[in-house]
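One structure is given here, and the rest of the page talks about it.
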Amino acid sequence: MLRLENLDCGYGKIRAVHSLDMYVKQGEISAILGANGAGKTSVIMCIAGHVKVCKGQVIYKEKDITTISPVQRVKKGIAIVPEGRRLFSGLTVKENLIAGGYVRPEEKTDINMGKVFSLFPRLQERLSQYAGSLSGGEQQMLAIGRALMAEPELLLVDELSLGLMPKMIDICYDALNALKNEGLTIVLVEQSTHRALEVANHAYVLESGNVVWKGPAENARDNTEMIDAFLGMGKS
């Protein structure tokens, strides 16, 4: 579904990612792992069209989308759950969800909202509540739900577990598993290495913008000491 070929991307003259080759199969979860500053968010924002490609290509469903706008990418089926949620805090849950589906026909709004509520019933209970007043876990549910309103075929999720309580992390990861089982393709950026490897099919480990390890997630699960060494972490 997605290929990044010899990709350099960055900000101005600064290149955050170097010569990245990445392949994402349809219906699978690919995890991008690494410490702070490794270039994980730069990769996912580049796929979404928010970070400049300096070299290489972004190929989506066998078409080159390297130069098209973020809005065009959403229309083609790519949606992002950004780091820090980035909700419209002064809008209600319902209004945030409606905003997420702005590229789809209005008659699809209620149908897509129903799918979000089946995944996160708590959002239906908070429908008239302002997004800024939700708990961190509820905000993450809403961020995922807002992205799903765009009817994505490829979902980009940046730092799913960041700042969440363990129970909420469980709920969000259960949702990712459910979406994968429905055939959705997901690229997941995470610092919580071991949790990401539980759901991922494939893993890429970045260090200073370079891939230092890639392979099936099961291989990484079997060799967590190696992954931790790359990330500069102890076992957790």
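A note on labels: chains of the structure tokens are A, B, ... as shown, every chain counts residues from 1, and ligands are counted from 1 in their shown order.
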Inset, instruction - Extract, using only C-alpha atoms, all DNA, RNA and protein residues at most 9 Å from segment 202-205 of chain A, discarding same-chain residues fewer than 4 positions from it, and format them as a list in words. - result: Met22, Val24, Glu28, Ile29, Ser30, Ala31, Ile32, Leu33, Gly34, Ala38, Lys40, Ala196, Leu197, Asn210, Val211, Val212, Trp213, Lys214, Gly215, Pro216, Ala217, Glu218, Ala220, Ile227, Phe230 and Leu231 of chain A
Inset, instruction - Show which residues sit within 12 Å of segment 3-16 of chain A, as a PyMOL selection string. Count only C-alpha atoms, and ignore same-chain residues fewer than 2 positions away. - result: chain A and resi 1+18-26+30+37-47+49-66+187+206-211
Legend entry - Nearest candidate to Asp174 of chain A (options A:Leu91, A:Met141, A:Val189, A:Ala150; using only C-alpha atoms):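 Smallest distance to Asp174 of chain A is found for A:Met141.
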Inset, instruction - Tell me which protein, DNA and RNA residues are within 12 Å of Val74 of chain A, counting only C-alpha atoms, leaving out same-chain ones fewer than 4 positions away, and put them as a list in words. - result: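 Contacts, in chain order: Ile47, Ala48, Gly49, His50, Tyr60, Ile65, Ile68, Ser69, Pro70, Ile78, Ala79, Ile80, Gly100, Gly101, Tyr102, Val103, Arg104, Ala147, Leu148, Met149, Ala150, Glu151, Pro152, Glu153, Leu154, Leu155 and Leu156 of chain A.
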Those residues with N, CA, C and O atoms, as a JSON list (two decimals), in the first residue's frame please?
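That gives us selection_20.json:
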```
[["chain", "number", "residue", "atom", "x", "y", "z"],
["A", 47, "ILE", "N", 4.74, 11.47, 5.27],
["A", 47, "ILE", "CA", 3.73, 10.65, 4.58],
["A", 47, "ILE", "C", 2.42, 11.42, 4.47],
["A", 47, "ILE", "O", 1.74, 11.36, 3.44],
["A", 48, "ALA", "N", 2.09, 12.17, 5.52],
["A", 48, "ALA", "CA", 0.85, 12.95, 5.52],
["A", 48, "ALA", "C", 0.95, 14.22, 4.68],
["A", 48, "ALA", "O", -0.06, 14.87, 4.41],
["A", 49, "GLY", "N", 2.18, 14.59, 4.29],
["A", 49, "GLY", "CA", 2.35, 15.76, 3.44],
["A", 49, "GLY", "C", 2.69, 17.05, 4.17],
["A", 49, "GLY", "O", 2.70, 18.12, 3.56],
["A", 50, "HIS", "N", 3.01, 16.95, 5.46],
["A", 50, "HIS", "CA", 3.27, 18.15, 6.25],
["A", 50, "HIS", "C", 4.75, 18.47, 6.42],
["A", 50, "HIS", "O", 5.10, 19.51, 6.98],
["A", 60, "TYR", "N", 2.01, 5.67, -2.94],
["A", 60, "TYR", "CA", 0.82, 5.18, -2.25],
["A", 60, "TYR", "C", -0.09, 4.50, -3.25],
["A", 60, "TYR", "O", -0.50, 5.11, -4.24],
["A", 65, "ILE", "N", 2.83, 10.20, -4.81],
["A", 65, "ILE", "CA", 2.11, 11.32, -4.18],
["A", 65, "ILE", "C", 3.08, 12.29, -3.51],
["A", 65, "ILE", "O", 2.68, 13.11, -2.67],
["A", 68, "ILE", "N", 1.93, 16.03, -3.80],
["A", 68, "ILE", "CA", 0.54, 16.50, -3.64],
["A", 68, "ILE", "C", 0.30, 17.01, -2.22],
["A", 68, "ILE", "O", 1.03, 16.68, -1.29],
["A", 69, "SER", "N", -0.73, 17.80, -2.05],
["A", 69, "SER", "CA", -1.00, 18.49, -0.79],
["A", 69, "SER", "C", -1.56, 17.53, 0.27],
["A", 69, "SER", "O", -2.07, 16.45, -0.05],
["A", 70, "PRO", "N", -1.49, 17.93, 1.55],
["A", 70, "PRO", "CA", -2.09, 17.11, 2.60],
["A", 70, "PRO", "C", -3.58, 16.86, 2.38],
["A", 70, "PRO", "O", -4.06, 15.74, 2.63],
["A", 78, "ILE", "N", -5.60, 8.81, 3.18],
["A", 78, "ILE", "CA", -4.56, 8.84, 4.21],
["A", 78, "ILE", "C", -4.99, 9.81, 5.31],
["A", 78, "ILE", "O", -5.27, 10.98, 5.04],
["A", 79, "ALA", "N", -5.07, 9.34, 6.54],
["A", 79, "ALA", "CA", -5.45, 10.20, 7.67],
["A", 79, "ALA", "C", -4.44, 10.02, 8.79],
["A", 79, "ALA", "O", -3.83, 8.97, 8.93],
["A", 80, "ILE", "N", -4.29, 11.08, 9.60],
["A", 80, "ILE", "CA", -3.28, 11.07, 10.66],
["A", 80, "ILE", "C", -3.89, 11.35, 12.02],
["A", 80, "ILE", "O", -4.79, 12.19, 12.15],
["A", 100, "GLY", "N", -13.47, 16.16, 11.11],
["A", 100, "GLY", "CA", -12.62, 15.10, 10.57],
["A", 100, "GLY", "C", -13.14, 14.52, 9.27],
["A", 100, "GLY", "O", -12.37, 14.01, 8.46],
["A", 101, "GLY", "N", -14.44, 14.61, 9.06],
["A", 101, "GLY", "CA", -15.05, 14.05, 7.85],
["A", 101, "GLY", "C", -15.33, 15.07, 6.77],
["A", 101, "GLY", "O", -16.14, 14.80, 5.87],
["A", 102, "TYR", "N", -14.64, 16.21, 6.81],
["A", 102, "TYR", "CA", -14.99, 17.30, 5.90],
["A", 102, "TYR", "C", -14.76, 16.96, 4.42],
["A", 102, "TYR", "O", -15.36, 17.57, 3.54],
["A", 103, "VAL", "N", -13.90, 15.98, 4.13],
["A", 103, "VAL", "CA", -13.63, 15.64, 2.72],
["A", 103, "VAL", "C", -14.62, 14.59, 2.20],
["A", 103, "VAL", "O", -14.56, 14.23, 1.03],
["A", 104, "ARG", "N", -15.48, 14.08, 3.05],
["A", 104, "ARG", "CA", -16.44, 13.06, 2.64],
["A", 104, "ARG", "C", -17.84, 13.66, 2.51],
["A", 104, "ARG", "O", -18.15, 14.67, 3.14],
["A", 147, "ALA", "N", -9.86, 11.07, 12.88],
["A", 147, "ALA", "CA", -9.16, 10.57, 11.69],
["A", 147, "ALA", "C", -10.01, 9.54, 10.95],
["A", 147, "ALA", "O", -10.04, 9.53, 9.71],
["A", 148, "LEU", "N", -10.72, 8.69, 11.68],
["A", 148, "LEU", "CA", -11.54, 7.65, 11.04],
["A", 148, "LEU", "C", -12.72, 8.25, 10.28],
["A", 148, "LEU", "O", -13.24, 7.62, 9.35],
["A", 149, "MET", "N", -13.14, 9.44, 10.65],
["A", 149, "MET", "CA", -14.25, 10.09, 9.95],
["A", 149, "MET", "C", -13.89, 10.39, 8.49],
["A", 149, "MET", "O", -14.77, 10.58, 7.65],
["A", 150, "ALA", "N", -12.61, 10.43, 8.18],
["A", 150, "ALA", "CA", -12.17, 10.67, 6.80],
["A", 150, "ALA", "C", -12.17, 9.41, 5.96],
["A", 150, "ALA", "O", -11.76, 9.43, 4.80],
["A", 151, "GLU", "N", -12.62, 8.28, 6.53],
["A", 151, "GLU", "CA", -12.68, 7.00, 5.84],
["A", 151, "GLU", "C", -11.32, 6.59, 5.29],
["A", 151, "GLU", "O", -11.17, 6.28, 4.10],
["A", 152, "PRO", "N", -10.29, 6.56, 6.13],
["A", 152, "PRO", "CA", -8.95, 6.25, 5.61],
["A", 152, "PRO", "C", -8.78, 4.78, 5.24],
["A", 152, "PRO", "O", -9.42, 3.90, 5.80],
["A", 153, "GLU", "N", -7.89, 4.56, 4.28],
["A", 153, "GLU", "CA", -7.39, 3.22, 3.98],
["A", 153, "GLU", "C", -6.02, 3.03, 4.64],
["A", 153, "GLU", "O", -5.60, 1.90, 4.87],
["A", 154, "LEU", "N", -5.34, 4.16, 4.90],
["A", 154, "LEU", "CA", -4.06, 4.15, 5.59],
["A", 154, "LEU", "C", -4.15, 5.13, 6.76],
["A", 154, "LEU", "O", -4.39, 6.32, 6.56],
["A", 155, "LEU", "N", -3.98, 4.62, 7.98],
["A", 155, "LEU", "CA", -4.07, 5.44, 9.18],
["A", 155, "LEU", "C", -2.67, 5.61, 9.77],
["A", 155, "LEU", "O", -1.98, 4.63, 10.06],
["A", 156, "LEU", "N", -2.27, 6.86, 9.96],
["A", 156, "LEU", "CA", -0.98, 7.19, 10.56],
["A", 156, "LEU", "C", -1.22, 7.60, 12.00],
["A", 156, "LEU", "O", -2.00, 8.52, 12.26]]
```
Inset, instruction - Could you check how far atom CA of Ala178 of chain A sits from atom CA of Ser118 of chain A, in Å to one decimal? - result: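 So the answer is 10.8 Å.
Picture a line from atom CA of Lys76 of chain A to atom CA of Met113 of chain A; it runs 19.6 Å.
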Inset, instruction - Identify, on the basis of only C-alpha atoms, every residue whose closest approach to Val116 of chain A does not exceed 7 Å; exclude the query and any residue fewer than 4 positions from it along the same chain; express the result as a list of chain:residue names. - result: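 Contacts, with the query itself left out: A:Asn112, A:Phe120, A:Gly145.
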Go ahead and write the residues just picked, N, CA and C atoms, as a PDB file, in the first residue's frame.
```pdb
ATOM      1  N   ASN A 112     -20.455   7.230   9.528  1.00  0.00           N
ATOM      2  CA  ASN A 112     -19.079   7.148  10.016  1.00  0.00           C
ATOM      3  C   ASN A 112     -18.983   7.426  11.507  1.00  0.00           C
ATOM      4  N   PHE A 120     -15.481   3.377  20.188  1.00  0.00           N
ATOM      5  CA  PHE A 120     -15.288   4.135  21.430  1.00  0.00           C
ATOM      6  C   PHE A 120     -16.641   4.622  21.951  1.00  0.00           C
ATOM      7  N   GLY A 145     -10.871   8.849  16.453  1.00  0.00           N
ATOM      8  CA  GLY A 145     -12.191   8.918  15.832  1.00  0.00           C
ATOM      9  C   GLY A 145     -12.271   9.987  14.764  1.00  0.00           C
TER      10      GLY A 145
END
```
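Here atom CA of Leu134 of chain A and atom CA of Ala99 of chain A stand 17.5 Å from one another.
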Inset, instruction - Please identify which residues in segment 14-207 of chain A DSSP calls alpha helix (DSSP H) from the backbone, and express them as a VMD selection string. - result: chain A and resid 40 to 48 70 to 76 93 to 100 109 to 119 121 to 125 136 to 148 166 to 181 193 to 199
Given the selection you just returned, output its residues as a file containing C-alpha atoms, formatted as a PDB file, in the first residue's frame.
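Saved to again-v5.pdb:
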```pdb
ATOM      1  CA  LYS A  40       9.888   9.110  13.764  1.00  0.00           C
ATOM      2  CA  THR A  41       7.449  12.015  13.640  1.00  0.00           C
ATOM      3  CA  SER A  42       9.225  13.488  10.621  1.00  0.00           C
ATOM      4  CA  VAL A  43       8.564  10.262   8.694  1.00  0.00           C
ATOM      5  CA  ILE A  44       4.889  10.116   9.547  1.00  0.00           C
ATOM      6  CA  MET A  45       4.343  13.836   8.898  1.00  0.00           C
ATOM      7  CA  CYS A  46       6.138  13.431   5.573  1.00  0.00           C
ATOM      8  CA  ILE A  47       3.731  10.647   4.585  1.00  0.00           C
ATOM      9  CA  ALA A  48       0.851  12.952   5.520  1.00  0.00           C
ATOM     10  CA  PRO A  70      -2.091  17.107   2.601  1.00  0.00           C
ATOM     11  CA  VAL A  71      -5.746  17.671   1.690  1.00  0.00           C
ATOM     12  CA  GLN A  72      -5.346  15.666  -1.505  1.00  0.00           C
ATOM     13  CA  ARG A  73      -3.747  12.866   0.515  1.00  0.00           C
ATOM     14  CA  VAL A  74      -6.717  12.791   2.887  1.00  0.00           C
ATOM     15  CA  LYS A  75      -9.046  12.550  -0.110  1.00  0.00           C
ATOM     16  CA  LYS A  76      -6.991   9.618  -1.387  1.00  0.00           C
ATOM     17  CA  VAL A  93     -16.776  16.036  20.505  1.00  0.00           C
ATOM     18  CA  LYS A  94     -19.419  16.000  17.785  1.00  0.00           C
ATOM     19  CA  GLU A  95     -17.997  19.081  16.090  1.00  0.00           C
ATOM     20  CA  ASN A  96     -14.483  17.611  16.104  1.00  0.00           C
ATOM     21  CA  LEU A  97     -15.784  14.438  14.479  1.00  0.00           C
ATOM     22  CA  ILE A  98     -17.680  16.393  11.846  1.00  0.00           C
ATOM     23  CA  ALA A  99     -14.509  18.368  11.091  1.00  0.00           C
ATOM     24  CA  GLY A 100     -12.623  15.101  10.572  1.00  0.00           C
ATOM     25  CA  THR A 109     -21.353  11.739   8.567  1.00  0.00           C
ATOM     26  CA  ASP A 110     -23.856   9.837  10.703  1.00  0.00           C
ATOM     27  CA  ILE A 111     -22.740   6.465   9.316  1.00  0.00           C
ATOM     28  CA  ASN A 112     -19.079   7.148  10.016  1.00  0.00           C
ATOM     29  CA  MET A 113     -19.864   8.615  13.421  1.00  0.00           C
ATOM     30  CA  GLY A 114     -21.713   5.415  14.285  1.00  0.00           C
ATOM     31  CA  LYS A 115     -18.598   3.397  13.405  1.00  0.00           C
ATOM     32  CA  VAL A 116     -16.520   5.613  15.696  1.00  0.00           C
ATOM     33  CA  PHE A 117     -19.000   5.136  18.544  1.00  0.00           C
ATOM     34  CA  SER A 118     -18.938   1.360  18.098  1.00  0.00           C
ATOM     35  CA  LEU A 119     -15.177   1.542  18.627  1.00  0.00           C
ATOM     36  CA  PRO A 121     -18.733   4.159  23.132  1.00  0.00           C
ATOM     37  CA  ARG A 122     -17.468   6.718  25.632  1.00  0.00           C
ATOM     38  CA  LEU A 123     -17.329   9.365  22.904  1.00  0.00           C
ATOM     39  CA  GLN A 124     -21.069   9.023  22.330  1.00  0.00           C
ATOM     40  CA  GLU A 125     -21.593   9.738  26.030  1.00  0.00           C
ATOM     41  CA  GLY A 136      -6.180  12.544  28.083  1.00  0.00           C
ATOM     42  CA  GLY A 137      -7.424   9.087  27.169  1.00  0.00           C
ATOM     43  CA  GLU A 138     -10.737  10.427  25.903  1.00  0.00           C
ATOM     44  CA  GLN A 139      -8.896  13.000  23.836  1.00  0.00           C
ATOM     45  CA  GLN A 140      -6.826  10.259  22.232  1.00  0.00           C
ATOM     46  CA  MET A 141     -10.011   8.329  21.443  1.00  0.00           C
ATOM     47  CA  LEU A 142     -11.406  11.479  19.840  1.00  0.00           C
ATOM     48  CA  ALA A 143      -8.230  12.064  17.836  1.00  0.00           C
ATOM     49  CA  ILE A 144      -8.465   8.514  16.466  1.00  0.00           C
ATOM     50  CA  GLY A 145     -12.191   8.918  15.832  1.00  0.00           C
ATOM     51  CA  ARG A 146     -11.678  12.228  14.030  1.00  0.00           C
ATOM     52  CA  ALA A 147      -9.160  10.567  11.690  1.00  0.00           C
ATOM     53  CA  LEU A 148     -11.538   7.653  11.036  1.00  0.00           C
ATOM     54  CA  PRO A 166      -2.389   2.118  31.414  1.00  0.00           C
ATOM     55  CA  LYS A 167      -6.132   1.421  31.134  1.00  0.00           C
ATOM     56  CA  MET A 168      -6.509   3.994  28.368  1.00  0.00           C
ATOM     57  CA  ILE A 169      -3.462   2.602  26.563  1.00  0.00           C
ATOM     58  CA  ASP A 170      -5.170  -0.811  26.608  1.00  0.00           C
ATOM     59  CA  ILE A 171      -8.356   0.674  25.125  1.00  0.00           C
ATOM     60  CA  CYS A 172      -6.475   2.458  22.341  1.00  0.00           C
ATOM     61  CA  TYR A 173      -4.403  -0.592  21.452  1.00  0.00           C
ATOM     62  CA  ASP A 174      -7.516  -2.771  21.440  1.00  0.00           C
ATOM     63  CA  ALA A 175      -8.985  -0.287  18.964  1.00  0.00           C
ATOM     64  CA  LEU A 176      -5.919  -0.558  16.709  1.00  0.00           C
ATOM     65  CA  ASN A 177      -6.201  -4.336  16.740  1.00  0.00           C
ATOM     66  CA  ALA A 178      -9.878  -4.123  15.855  1.00  0.00           C
ATOM     67  CA  LEU A 179      -9.136  -1.749  12.980  1.00  0.00           C
ATOM     68  CA  LYS A 180      -6.378  -4.026  11.671  1.00  0.00           C
ATOM     69  CA  ASN A 181      -8.758  -6.983  11.814  1.00  0.00           C
ATOM     70  CA  THR A 193       8.589  -0.259  22.113  1.00  0.00           C
ATOM     71  CA  HIS A 194       7.310  -3.462  23.663  1.00  0.00           C
ATOM     72  CA  ARG A 195       3.656  -2.449  23.421  1.00  0.00           C
ATOM     73  CA  ALA A 196       3.997  -1.502  19.769  1.00  0.00           C
ATOM     74  CA  LEU A 197       5.680  -4.797  18.943  1.00  0.00           C
ATOM     75  CA  GLU A 198       2.722  -6.688  20.419  1.00  0.00           C
ATOM     76  CA  VAL A 199       0.441  -5.431  17.613  1.00  0.00           C
TER      77      VAL A 199
END
```
Legend entry - A:Ala131, A:Thr67, A:Lys108, A:Gly77 ranked by distance to Thr92 of chain A, top pick (using only C-alpha atoms):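 So, comparing all the options, the nearest one is A:Ala131.
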Inset, instruction - Please provide the set of residues having any atom within 7 Å of Asp158 of chain A, restricted to only C-alpha atoms, with same-chain residues fewer than 5 positions apart removed, written as a ChimeraX atom specification. - result: /A:41,81-83,188-190
Inset, instruction - From the DSSP assignment of the backbone, select every residue of segment 42-95 of chain A that is strand (DSSP E), and format the answer as number ranges by chain. - result: A: 52-60, 63-64, 78-81
Hey, can you spit out that residue selection with all heavy atoms as a short mmCIF file (atom, residue, chain, number, x, y, z; two decimals), in the first residue's frame?
```
data_model
loop_
_atom_site.label_atom_id
_atom_site.label_comp_id
_atom_site.auth_asym_id
_atom_site.auth_seq_id
_atom_site.Cartn_x
_atom_site.Cartn_y
_atom_site.Cartn_z
N LYS A 52 8.52 18.51 4.26
CA LYS A 52 9.05 18.56 2.90
C LYS A 52 9.93 17.35 2.58
O LYS A 52 10.78 16.95 3.37
CB LYS A 52 9.88 19.84 2.72
CG LYS A 52 10.51 19.99 1.34
CD LYS A 52 11.38 21.23 1.27
CE LYS A 52 12.09 21.33 -0.08
NZ LYS A 52 12.99 22.51 -0.13
N VAL A 53 9.70 16.79 1.40
CA VAL A 53 10.57 15.74 0.86
C VAL A 53 11.75 16.41 0.16
O VAL A 53 11.56 17.21 -0.77
CB VAL A 53 9.82 14.83 -0.12
CG1 VAL A 53 10.78 13.84 -0.79
CG2 VAL A 53 8.70 14.09 0.58
N CYS A 54 12.95 16.11 0.63
CA CYS A 54 14.16 16.68 0.02
C CYS A 54 14.69 15.79 -1.10
O CYS A 54 15.34 16.27 -2.03
CB CYS A 54 15.24 16.86 1.08
SG CYS A 54 14.72 17.82 2.52
N LYS A 55 14.44 14.50 -0.99
CA LYS A 55 14.91 13.53 -1.97
C LYS A 55 14.07 12.27 -1.85
O LYS A 55 13.59 11.95 -0.76
CB LYS A 55 16.39 13.19 -1.73
CG LYS A 55 17.03 12.26 -2.75
CD LYS A 55 18.45 11.88 -2.35
CE LYS A 55 18.45 10.88 -1.21
NZ LYS A 55 19.81 10.38 -0.88
N GLY A 56 13.89 11.56 -2.95
CA GLY A 56 13.16 10.31 -2.91
C GLY A 56 11.69 10.46 -3.22
O GLY A 56 11.23 11.52 -3.66
N GLN A 57 10.93 9.40 -2.96
CA GLN A 57 9.52 9.36 -3.35
C GLN A 57 8.64 8.75 -2.26
O GLN A 57 9.09 7.89 -1.49
CB GLN A 57 9.34 8.54 -4.63
CG GLN A 57 9.94 9.16 -5.88
CD GLN A 57 9.73 8.26 -7.09
OE1 GLN A 57 10.16 7.11 -7.09
NE2 GLN A 57 9.05 8.77 -8.10
N VAL A 58 7.39 9.20 -2.26
CA VAL A 58 6.34 8.58 -1.45
C VAL A 58 5.35 7.96 -2.44
O VAL A 58 4.71 8.67 -3.21
CB VAL A 58 5.62 9.61 -0.56
CG1 VAL A 58 4.52 8.92 0.26
CG2 VAL A 58 6.60 10.33 0.36
N ILE A 59 5.26 6.65 -2.42
CA ILE A 59 4.39 5.92 -3.36
C ILE A 59 3.24 5.30 -2.57
O ILE A 59 3.45 4.50 -1.66
CB ILE A 59 5.16 4.80 -4.09
CG1 ILE A 59 6.45 5.33 -4.72
CG2 ILE A 59 4.27 4.15 -5.14
CD1 ILE A 59 6.24 6.35 -5.81
N TYR A 60 2.01 5.67 -2.94
CA TYR A 60 0.82 5.18 -2.25
C TYR A 60 -0.09 4.50 -3.25
O TYR A 60 -0.50 5.11 -4.24
CB TYR A 60 0.11 6.36 -1.57
CG TYR A 60 -1.24 6.04 -0.97
CD1 TYR A 60 -1.36 5.17 0.11
CD2 TYR A 60 -2.40 6.63 -1.47
CE1 TYR A 60 -2.59 4.88 0.67
CE2 TYR A 60 -3.64 6.36 -0.91
CZ TYR A 60 -3.73 5.48 0.15
OH TYR A 60 -4.96 5.20 0.71
N LYS A 63 0.96 4.87 -6.82
CA LYS A 63 0.99 6.20 -7.43
C LYS A 63 1.91 7.11 -6.63
O LYS A 63 1.92 7.07 -5.39
CB LYS A 63 -0.42 6.80 -7.49
CG LYS A 63 -1.37 6.03 -8.41
CD LYS A 63 -2.69 6.75 -8.56
CE LYS A 63 -3.65 5.96 -9.46
NZ LYS A 63 -3.15 5.80 -10.83
N ASP A 64 2.66 7.95 -7.33
CA ASP A 64 3.59 8.87 -6.70
C ASP A 64 2.81 10.05 -6.13
O ASP A 64 2.18 10.82 -6.88
CB ASP A 64 4.61 9.37 -7.74
CG ASP A 64 5.72 10.20 -7.13
OD1 ASP A 64 5.58 10.64 -5.97
OD2 ASP A 64 6.74 10.42 -7.81
N ILE A 78 -5.60 8.81 3.18
CA ILE A 78 -4.56 8.84 4.21
C ILE A 78 -4.99 9.81 5.31
O ILE A 78 -5.27 10.98 5.04
CB ILE A 78 -3.20 9.30 3.64
CG1 ILE A 78 -2.74 8.34 2.53
CG2 ILE A 78 -2.15 9.39 4.73
CD1 ILE A 78 -1.48 8.79 1.81
N ALA A 79 -5.07 9.34 6.54
CA ALA A 79 -5.45 10.20 7.67
C ALA A 79 -4.44 10.02 8.79
O ALA A 79 -3.83 8.97 8.93
CB ALA A 79 -6.86 9.87 8.16
N ILE A 80 -4.29 11.08 9.60
CA ILE A 80 -3.28 11.07 10.66
C ILE A 80 -3.89 11.35 12.02
O ILE A 80 -4.79 12.19 12.15
CB ILE A 80 -2.15 12.08 10.35
CG1 ILE A 80 -1.01 11.96 11.37
CG2 ILE A 80 -2.68 13.50 10.26
CD1 ILE A 80 0.25 12.70 10.98
N VAL A 81 -3.40 10.62 13.01
CA VAL A 81 -3.66 10.92 14.43
C VAL A 81 -2.37 11.54 14.94
O VAL A 81 -1.41 10.83 15.23
CB VAL A 81 -4.01 9.65 15.22
CG1 VAL A 81 -4.31 10.00 16.69
CG2 VAL A 81 -5.19 8.92 14.59
#
```
